[in-house]
Amino acid sequence: MSLYNAVWRDLVKKLQKHIGRTGSTRGSDSRINQCATKIVLHKHKAQDCFT
């Protein structure tokens, strides 16, 4: 589980940077968390979260 947590945390940081670059950060934290969970657990692609 600790490996999962480390991967998830790293992914959240990357997604936050990505969203920061695209502009809309307000209210996106829960979206980032959901996205990171989907990617780690279900092997989603990051761009699927932002379309």
# chains A, B, ... in the order shown; residues from 1 in each chain; ligands from 1

call {"tool": "residues_around", "arguments": {"residues": "Asn33 (chain A)", "least_positions_apart": "2", "cutoff": "12 Å", "atoms": "only C-alpha atoms", "output": "list of chain:residue names"}}
result
A:Asn5, A:Trp8, A:Arg9, A:Asp10, A:Leu11, A:Val12, A:Lys13, A:Lys14, A:Leu15, A:Gln16, A:Gly27, A:Ser28, A:Asp29, A:Ser30, A:Arg31, A:Cys35, A:Ala36, A:Thr37, A:Lys38, A:Ile39, A:Val40, A:Leu41, A:Ala46, A:Cys49
